[in-house]
file query.cif (mmCIF, C-alpha atoms)
data_final
#
loop_
_atom_site.group_PDB
_atom_site.id
_atom_site.type_symbol
_atom_site.label_atom_id
_atom_site.label_comp_id
_atom_site.auth_asym_id
_atom_site.auth_seq_id
_atom_site.Cartn_x
_atom_site.Cartn_y
_atom_site.Cartn_z
ATOM 1 C CA HIS A 39 -12.457 13.166 18.722
ATOM 2 C CA LEU A 40 -9.712 12.048 16.364
ATOM 3 C CA LEU A 41 -10.341 9.022 14.186
ATOM 4 C CA GLU A 42 -7.886 6.132 14.532
ATOM 5 C CA VAL A 43 -7.187 4.385 11.229
ATOM 6 C CA LYS A 44 -5.250 1.118 10.912
ATOM 7 C CA VAL A 45 -3.480 0.412 7.627
ATOM 8 C CA LEU A 46 -1.342 -2.361 6.135
ATOM 9 C CA THR A 47 1.072 -2.603 3.231
ATOM 10 C CA TYR A 48 2.180 -6.005 1.923
ATOM 11 C CA ASN A 49 4.008 -7.180 -1.204
ATOM 12 C CA LEU A 50 2.752 -10.755 -1.580
ATOM 13 C CA PHE A 51 5.467 -12.215 -3.898
ATOM 14 C CA TRP A 52 2.535 -13.671 -5.842
ATOM 15 C CA TRP A 53 4.204 -15.802 -8.519
ATOM 16 C CA ASN A 54 6.212 -17.660 -5.884
ATOM 17 C CA LEU A 55 3.949 -17.669 -2.826
ATOM 18 C CA PHE A 56 0.673 -18.322 -4.695
ATOM 19 C CA GLY A 57 1.851 -19.876 -7.962
ATOM 20 C CA TRP A 58 0.446 -23.402 -8.317
ATOM 21 C CA HIS A 59 3.788 -24.727 -9.545
ATOM 22 C CA HIS A 60 5.626 -23.091 -6.634
ATOM 23 C CA ARG A 61 4.088 -22.858 -3.138
ATOM 24 C CA ASN A 62 0.403 -22.609 -4.080
ATOM 25 C CA GLY A 63 -0.449 -20.265 -1.184
ATOM 26 C CA ASN A 64 1.810 -21.946 1.390
ATOM 27 C CA GLY A 65 -1.196 -22.998 3.458
ATOM 28 C CA GLY A 66 -2.648 -19.491 3.434
ATOM 29 C CA SER A 67 0.374 -18.109 5.321
ATOM 30 C CA ALA A 68 -0.046 -14.494 4.162
ATOM 31 C CA GLY A 69 -3.741 -14.466 5.032
ATOM 32 C CA LYS A 70 -3.035 -15.988 8.426
ATOM 33 C CA LEU A 71 -0.496 -13.246 9.150
ATOM 34 C CA ILE A 72 -3.119 -10.614 8.270
ATOM 35 C CA ALA A 73 -5.767 -12.338 10.407
ATOM 36 C CA SER A 74 -3.451 -12.518 13.406
ATOM 37 C CA ALA A 75 -2.293 -8.903 13.069
ATOM 38 C CA GLY A 76 -5.870 -7.670 12.775
ATOM 39 C CA GLU A 77 -7.262 -9.522 15.774
ATOM 40 C CA ASP A 78 -6.792 -6.736 18.314
ATOM 41 C CA LYS A 79 -8.059 -3.990 15.995
ATOM 42 C CA PRO A 80 -9.333 -4.652 12.463
ATOM 43 C CA TYR A 81 -7.629 -3.045 9.491
ATOM 44 C CA ASP A 82 -9.391 -0.128 7.878
ATOM 45 C CA PHE A 83 -7.322 -0.307 4.705
ATOM 46 C CA MET A 84 -4.852 -2.748 3.182
ATOM 47 C CA GLY A 85 -2.611 -2.069 0.196
ATOM 48 C CA PHE A 86 -1.298 -5.120 -1.646
ATOM 49 C CA GLN A 87 1.437 -5.267 -4.271
ATOM 50 C CA GLU A 88 2.112 -8.316 -6.469
ATOM 51 C CA CYS A 89 -1.491 -9.317 -5.784
ATOM 52 C CA GLN A 90 -3.501 -11.079 -8.477
ATOM 53 C CA ASP A 91 -6.518 -11.947 -6.308
ATOM 54 C CA ALA A 92 -7.223 -9.894 -3.183
ATOM 55 C CA GLU A 93 -10.364 -11.918 -2.481
ATOM 56 C CA LEU A 94 -8.265 -15.079 -2.152
ATOM 57 C CA VAL A 95 -6.024 -13.351 0.390
ATOM 58 C CA LEU A 96 -9.066 -12.108 2.312
ATOM 59 C CA ARG A 97 -10.545 -15.620 2.326
ATOM 60 C CA ASP A 98 -7.274 -17.010 3.682
ATOM 61 C CA ALA A 99 -7.546 -14.382 6.431
ATOM 62 C CA SER A 100 -11.191 -15.385 7.132
ATOM 63 C CA LEU A 101 -12.185 -11.806 6.288
ATOM 64 C CA ALA A 102 -14.142 -12.385 3.074
ATOM 65 C CA GLY A 103 -17.345 -10.362 3.098
ATOM 66 C CA GLN A 104 -16.059 -7.870 5.646
ATOM 67 C CA TYR A 105 -13.858 -6.094 3.114
ATOM 68 C CA GLY A 106 -14.399 -4.625 -0.294
ATOM 69 C CA SER A 107 -11.513 -4.958 -2.726
ATOM 70 C CA ILE A 108 -10.419 -2.792 -5.632
ATOM 71 C CA ALA A 109 -8.100 -4.328 -8.203
ATOM 72 C CA ALA A 110 -5.908 -2.213 -10.475
ATOM 73 C CA PRO A 111 -3.400 -2.896 -13.248
ATOM 74 C CA HIS A 112 0.153 -3.858 -12.256
ATOM 75 C CA ASP A 113 -1.166 -6.387 -9.690
ATOM 76 C CA LEU A 114 -2.136 -3.662 -7.228
ATOM 77 C CA ALA A 115 -5.131 -4.032 -4.909
ATOM 78 C CA ILE A 116 -6.749 -2.100 -2.072
ATOM 79 C CA ALA A 117 -9.028 -3.686 0.533
ATOM 80 C CA TYR A 118 -11.257 -1.601 2.795
ATOM 81 C CA ARG A 119 -13.487 -2.387 5.768
ATOM 82 C CA LYS A 120 -17.039 -2.049 4.481
ATOM 83 C CA ALA A 121 -18.704 -1.640 7.884
ATOM 84 C CA ALA A 122 -16.753 1.562 8.518
ATOM 85 C CA TRP A 123 -16.006 3.082 5.108
ATOM 86 C CA GLU A 124 -17.789 3.764 1.839
ATOM 87 C CA LEU A 125 -15.935 4.141 -1.438
ATOM 88 C CA ILE A 126 -16.282 7.557 -3.086
ATOM 89 C CA ASP A 127 -14.029 7.256 -6.120
ATOM 90 C CA HIS A 128 -10.935 5.401 -7.310
ATOM 91 C CA GLY A 129 -8.456 5.174 -10.174
ATOM 92 C CA MET A 130 -4.856 4.523 -11.178
ATOM 93 C CA HIS A 131 -2.114 6.655 -12.702
ATOM 94 C CA GLU A 132 1.026 5.500 -14.456
ATOM 95 C CA VAL A 133 3.834 7.121 -12.473
ATOM 96 C CA ALA A 134 7.051 5.338 -13.454
ATOM 97 C CA GLU A 135 8.717 2.822 -15.772
ATOM 98 C CA ASP A 136 11.489 0.313 -15.182
ATOM 99 C CA ASN A 137 14.924 0.921 -16.651
ATOM 100 C CA PRO A 138 15.836 -1.285 -19.650
ATOM 101 C CA GLN A 139 18.319 -3.460 -17.740
ATOM 102 C CA GLN A 140 15.532 -4.722 -15.427
ATOM 103 C CA TRP A 141 12.391 -3.947 -17.396
ATOM 104 C CA TRP A 142 9.029 -5.402 -16.417
ATOM 105 C CA GLY A 143 6.986 -2.446 -17.634
ATOM 106 C CA THR A 144 5.371 0.698 -16.320
ATOM 107 C CA ARG A 145 4.428 1.244 -12.684
ATOM 108 C CA GLY A 146 1.284 2.702 -11.195
ATOM 109 C CA ALA A 147 -0.100 4.539 -8.208
ATOM 110 C CA GLN A 148 -3.530 3.180 -7.338
ATOM 111 C CA TRP A 149 -5.702 5.633 -5.423
ATOM 112 C CA ALA A 150 -9.097 5.504 -3.766
ATOM 113 C CA ARG A 151 -11.111 7.991 -1.724
ATOM 114 C CA PHE A 152 -13.326 6.872 1.130
ATOM 115 C CA ARG A 153 -15.822 8.397 3.533
ATOM 116 C CA HIS A 154 -16.033 7.219 7.123
ATOM 117 C CA LYS A 155 -19.650 6.219 7.646
ATOM 118 C CA SER A 156 -20.135 7.418 11.213
ATOM 119 C CA THR A 157 -18.097 10.648 11.160
ATOM 120 C CA GLY A 158 -18.165 11.704 7.499
ATOM 121 C CA TYR A 159 -14.381 12.058 7.505
ATOM 122 C CA ALA A 160 -12.811 11.543 4.070
ATOM 123 C CA LEU A 161 -9.502 9.828 3.404
ATOM 124 C CA MET A 162 -7.426 9.164 0.293
ATOM 125 C CA PHE A 163 -5.509 5.869 0.269
ATOM 126 C CA VAL A 164 -2.731 5.421 -2.311
ATOM 127 C CA ASN A 165 -0.964 2.133 -3.119
ATOM 128 C CA HIS A 166 2.223 1.956 -5.201
ATOM 129 C CA HIS A 167 4.721 -0.621 -6.452
ATOM 130 C CA GLY A 168 7.866 1.167 -7.571
ATOM 131 C CA PRO A 169 10.173 0.797 -10.555
ATOM 132 C CA LEU A 170 13.360 -1.214 -10.950
ATOM 133 C CA PRO A 171 16.291 -1.382 -10.539
ATOM 134 C CA VAL A 172 15.986 -0.802 -6.796
ATOM 135 C CA GLY A 173 16.956 2.699 -5.741
ATOM 136 C CA THR A 174 16.953 4.282 -9.202
ATOM 137 C CA GLY A 175 13.415 5.576 -9.655
ATOM 138 C CA GLY A 176 13.430 3.829 -13.032
ATOM 139 C CA LYS A 177 13.288 5.779 -16.302
ATOM 140 C CA CYS A 178 11.722 8.816 -14.629
ATOM 141 C CA GLY A 179 14.463 8.976 -12.018
ATOM 142 C CA SER A 180 13.978 9.310 -8.276
ATOM 143 C CA LEU A 181 12.643 12.867 -8.327
ATOM 144 C CA GLY A 182 10.431 12.267 -11.358
ATOM 145 C CA THR A 183 8.784 9.214 -9.813
ATOM 146 C CA ALA A 184 8.226 11.050 -6.518
ATOM 147 C CA TYR A 185 6.753 14.007 -8.387
ATOM 148 C CA ASN A 186 4.369 11.759 -10.310
ATOM 149 C CA ILE A 187 3.166 10.066 -7.109
ATOM 150 C CA LEU A 188 2.587 13.420 -5.412
ATOM 151 C CA LYS A 189 0.825 14.738 -8.521
ATOM 152 C CA THR A 190 -1.519 11.727 -8.386
ATOM 153 C CA ILE A 191 -2.439 12.726 -4.849
ATOM 154 C CA THR A 192 -2.902 16.430 -5.521
ATOM 155 C CA SER A 193 -4.925 15.734 -8.672
ATOM 156 C CA HIS A 194 -7.599 13.784 -6.795
ATOM 157 C CA ARG A 195 -7.440 14.742 -3.127
ATOM 158 C CA GLN A 196 -10.134 17.080 -1.916
ATOM 159 C CA SER A 197 -9.382 19.836 0.583
ATOM 160 C CA GLY A 198 -9.158 18.598 4.153
ATOM 161 C CA GLU A 199 -8.877 14.908 3.302
ATOM 162 C CA GLY A 200 -6.417 12.671 5.096
ATOM 163 C CA VAL A 201 -3.806 10.920 2.964
ATOM 164 C CA VAL A 202 -2.162 7.538 3.481
ATOM 165 C CA LEU A 203 0.415 6.383 0.915
ATOM 166 C CA VAL A 204 1.744 2.814 1.127
ATOM 167 C CA GLY A 205 3.704 0.388 -0.971
ATOM 168 C CA ASP A 206 6.851 -1.336 -2.086
ATOM 169 C CA PHE A 207 8.574 1.688 -3.577
ATOM 170 C CA ASN A 208 11.716 -0.202 -4.603
ATOM 171 C CA SER A 209 13.502 2.769 -3.026
ATOM 172 C CA ASN A 210 14.903 2.976 0.478
ATOM 173 C CA ALA A 211 14.860 5.894 2.886
ATOM 174 C CA ASP A 212 18.203 7.246 1.653
ATOM 175 C CA THR A 213 17.009 7.801 -1.917
ATOM 176 C CA GLU A 214 16.040 11.155 -3.379
ATOM 177 C CA GLU A 215 12.627 9.698 -4.156
ATOM 178 C CA VAL A 216 11.752 8.974 -0.538
ATOM 179 C CA LYS A 217 13.294 12.254 0.637
ATOM 180 C CA GLN A 218 11.146 14.123 -1.882
ATOM 181 C CA LEU A 219 8.019 12.290 -0.702
ATOM 182 C CA GLU A 220 9.002 13.205 2.867
ATOM 183 C CA SER A 221 9.005 16.885 1.897
ATOM 184 C CA ARG A 222 5.203 16.590 1.641
ATOM 185 C CA LEU A 223 4.291 13.545 3.736
ATOM 186 C CA ARG A 224 5.459 11.970 6.981
ATOM 187 C CA ARG A 225 7.122 8.550 6.678
ATOM 188 C CA VAL A 226 5.819 6.584 9.655
ATOM 189 C CA ILE A 227 7.409 3.159 9.120
ATOM 190 C CA THR A 228 9.916 1.519 6.796
ATOM 191 C CA GLY A 229 10.561 -2.212 6.427
ATOM 192 C CA THR A 230 13.834 -4.090 6.270
ATOM 193 C CA SER A 231 13.399 -6.218 3.116
ATOM 194 C CA PHE A 232 15.683 -5.360 0.174
ATOM 195 C CA GLY A 233 17.354 -2.604 2.190
ATOM 196 C CA GLY A 234 14.067 -1.105 3.385
ATOM 197 C CA VAL A 235 11.924 -0.412 0.313
ATOM 198 C CA ASP A 236 8.461 -0.798 1.867
ATOM 199 C CA HIS A 237 7.003 2.340 3.459
ATOM 200 C CA ILE A 238 3.877 3.896 4.914
ATOM 201 C CA PHE A 239 3.429 7.674 4.655
ATOM 202 C CA THR A 240 0.669 9.934 5.934
ATOM 203 C CA ASN A 241 -0.115 13.639 5.892
ATOM 204 C CA CYS A 242 -0.594 13.835 9.667
ATOM 205 C CA GLY A 243 2.107 14.775 12.143
ATOM 206 C CA GLY A 244 4.152 12.540 14.398
ATOM 207 C CA VAL A 245 1.972 13.016 17.459
ATOM 208 C CA HIS A 246 -0.801 11.333 15.502
ATOM 209 C CA VAL A 247 1.127 8.085 14.931
ATOM 210 C CA VAL A 248 -0.241 5.677 17.535
ATOM 211 C CA GLU A 249 1.603 2.471 16.636
ATOM 212 C CA THR A 250 3.718 0.920 13.880
ATOM 213 C CA ARG A 251 4.751 -2.713 13.444
ATOM 214 C CA ASN A 252 6.856 -4.872 11.172
ATOM 215 C CA LEU A 253 4.808 -8.083 11.033
ATOM 216 C CA GLY A 254 7.370 -10.329 9.336
ATOM 217 C CA ASN A 255 6.995 -11.794 5.876
ATOM 218 C CA GLY A 256 4.281 -14.481 6.176
ATOM 219 C CA GLY A 257 5.975 -16.442 3.396
ATOM 220 C CA SER A 258 6.605 -13.468 1.092
ATOM 221 C CA ASP A 259 10.021 -11.991 0.317
ATOM 222 C CA HIS A 260 8.824 -8.668 1.801
ATOM 223 C CA ASP A 261 7.768 -7.686 5.301
ATOM 224 C CA ALA A 262 4.169 -6.755 5.954
ATOM 225 C CA LEU A 263 4.018 -3.366 7.724
ATOM 226 C CA ASP A 264 1.157 -1.749 9.568
ATOM 227 C CA ALA A 265 0.423 1.528 11.306
ATOM 228 C CA VAL A 266 -2.328 3.081 13.384
ATOM 229 C CA VAL A 267 -2.667 6.831 12.848
ATOM 230 C CA ARG A 268 -5.050 9.439 14.249
ATOM 231 C CA LEU A 269 -6.562 11.656 11.606
#
call {"tool": "encode", "arguments": {"input": "query.cif", "output": "structure tokens"}}
result
Amino acid sequence: HLLEVKVLTYNLFWWNLFGWHHRNGNGGSAGKLIASAGEDKPYDFMGFQECQDAELVLRDASLAGQYGSIAAPHDLAIAYRKAAWELIDHGMHEVAEDNPQQWWGTRGAQWARFRHKSTGYALMFVNHHGPLPVGTGGKCGSLGTAYNILKTITSHRQSGEGVVLVGDFNSNADTEEVKQLESRLRRVITGTSFGGVDHIFTNCGGVHVVETRNLGNGGSDHDALDAVVRL
């Protein structure tokens, strides 16, 4: 029996959507989008970018207590469904840096490994927010950034583990970065915001992709994307 896993990626546009001097959460619009999209089947994993407080987002979604959250530098966060999954290990690697003309700093790949409680199946979930300017790969270049993300995975993944990589890569499907990632992983969905810079990848084949959806932006400047994959 193959395990179906439902995942989300969402750049939350935090300073604007949640900033008290801007929209101050916009009535919990991002959380409400997550709650609605998870009604039919709950999310196993969620990867947030531009997220300063995952617990706030989970409360807005009326999911507080059901999910564990892991915060990392660079405003990255992973949420996981505690009833189904236990956390094995987690960390963060610096994988890129913005170019000087649009420099905010370095960029990370947040990773976490989980074990499915009822089957024992292990999965590695990786969450990334890519460098600027869009489409350049930043200082490391497109191939260098892709290599560093893949190296993060191979450095920590154990043999036989599933892999899901999500994020706002600040690179669209036509870039060398995404093409290089696709040499190792399957891209299952790409958004439309900023020319299509949000992606979900997995290491399982196309027959194992059950469903993908673009959920709209929920008040962010990025689309939330989700996918159900069989591992």
call {"tool": "residues_around", "arguments": {"input": "query.cif", "residues": "range 205-217 of chain A", "least_positions_apart": "6", "cutoff": "7 Å", "atoms": "only C-alpha atoms", "output": "PDB file with C-alpha atoms, in the coordinates of the input"}}
result
ATOM      1  CA  THR A  47       1.072  -2.603   3.231  1.00  0.00           C
ATOM      2  CA  ASN A  49       4.008  -7.180  -1.204  1.00  0.00           C
ATOM      3  CA  GLY A  85      -2.611  -2.069   0.196  1.00  0.00           C
ATOM      4  CA  GLN A  87       1.437  -5.267  -4.271  1.00  0.00           C
ATOM      5  CA  ASN A 165      -0.964   2.133  -3.119  1.00  0.00           C
ATOM      6  CA  HIS A 166       2.223   1.956  -5.201  1.00  0.00           C
ATOM      7  CA  HIS A 167       4.721  -0.621  -6.452  1.00  0.00           C
ATOM      8  CA  GLY A 168       7.866   1.167  -7.571  1.00  0.00           C
ATOM      9  CA  PRO A 169      10.173   0.797 -10.555  1.00  0.00           C
ATOM     10  CA  LEU A 170      13.360  -1.214 -10.950  1.00  0.00           C
ATOM     11  CA  VAL A 172      15.986  -0.802  -6.796  1.00  0.00           C
ATOM     12  CA  GLY A 173      16.956   2.699  -5.741  1.00  0.00           C
ATOM     13  CA  GLY A 175      13.415   5.576  -9.655  1.00  0.00           C
ATOM     14  CA  SER A 180      13.978   9.310  -8.276  1.00  0.00           C
ATOM     15  CA  LEU A 181      12.643  12.867  -8.327  1.00  0.00           C
ATOM     16  CA  THR A 183       8.784   9.214  -9.813  1.00  0.00           C
ATOM     17  CA  ALA A 184       8.226  11.050  -6.518  1.00  0.00           C
ATOM     18  CA  GLY A 233      17.354  -2.604   2.190  1.00  0.00           C
ATOM     19  CA  GLY A 234      14.067  -1.105   3.385  1.00  0.00           C
ATOM     20  CA  VAL A 235      11.924  -0.412   0.313  1.00  0.00           C
ATOM     21  CA  ASP A 236       8.461  -0.798   1.867  1.00  0.00           C
ATOM     22  CA  HIS A 237       7.003   2.340   3.459  1.00  0.00           C
ATOM     23  CA  ILE A 238       3.877   3.896   4.914  1.00  0.00           C
TER      24      ILE A 238
END
call {"tool": "residues_around", "arguments": {"input": "query.cif", "residues": "range 95-99 of chain A", "least_positions_apart": "3", "cutoff": "6 Å", "atoms": "all atoms listed in the file", "output": "PDB file with C-alpha atoms, in the frame of the given file"}}
result
ATOM      1  CA  GLY A  66      -2.648 -19.491   3.434  1.00  0.00           C
ATOM      2  CA  GLY A  69      -3.741 -14.466   5.032  1.00  0.00           C
ATOM      3  CA  LYS A  70      -3.035 -15.988   8.426  1.00  0.00           C
ATOM      4  CA  ALA A  73      -5.767 -12.338  10.407  1.00  0.00           C
ATOM      5  CA  ALA A  92      -7.223  -9.894  -3.183  1.00  0.00           C
ATOM      6  CA  ALA A 102     -14.142 -12.385   3.074  1.00  0.00           C
TER       7      ALA A 102
END
call {"tool": "closest_residue", "arguments": {"input": "query.cif", "among": "A:Lys79, A:Trp53, A:Tyr48, A:Arg61", "to": "Leu114 in chain A", "atoms": "all atoms listed in the file"}}
result
A:Tyr48
call {"tool": "resolve_selection", "arguments": {"input": "query.cif", "expression": "the PyMOL selection byres ((chain A and resi 150-158) around 8)", "output": "PyMOL selection string"}}
result
chain A and resi 121-129+148-149+159-164+195
call {"tool": "axis_aligned_box", "arguments": {"input": "query.cif", "around": "range 230-237 of chain A", "padding_each_side": "3 Å", "output": "lines of an AutoDock Vina configuration file"}}
result
center_x = 12.2
center_y = -1.9
center_z = 3.2
size_x = 16.4
size_y = 14.6
size_z = 12.1
call {"tool": "closest_residue", "arguments": {"input": "query.cif", "among": "A:Asp113, A:Thr230, A:Ala265, A:Gly254", "to": "Pro80 in chain A", "atoms": "only C-alpha atoms"}}
result
A:Ala265
call {"tool": "atom_distance", "arguments": {"input": "query.cif", "atom1": "CA of Ala109 in chain A", "atom2": "CA of Asp91 in chain A"}}
result
8.0 Å
call {"tool": "atom_distance", "arguments": {"input": "query.cif", "atom1": "CA of Gly106 in chain A", "atom2": "CA of Val202 in chain A"}}
result
17.7 Å
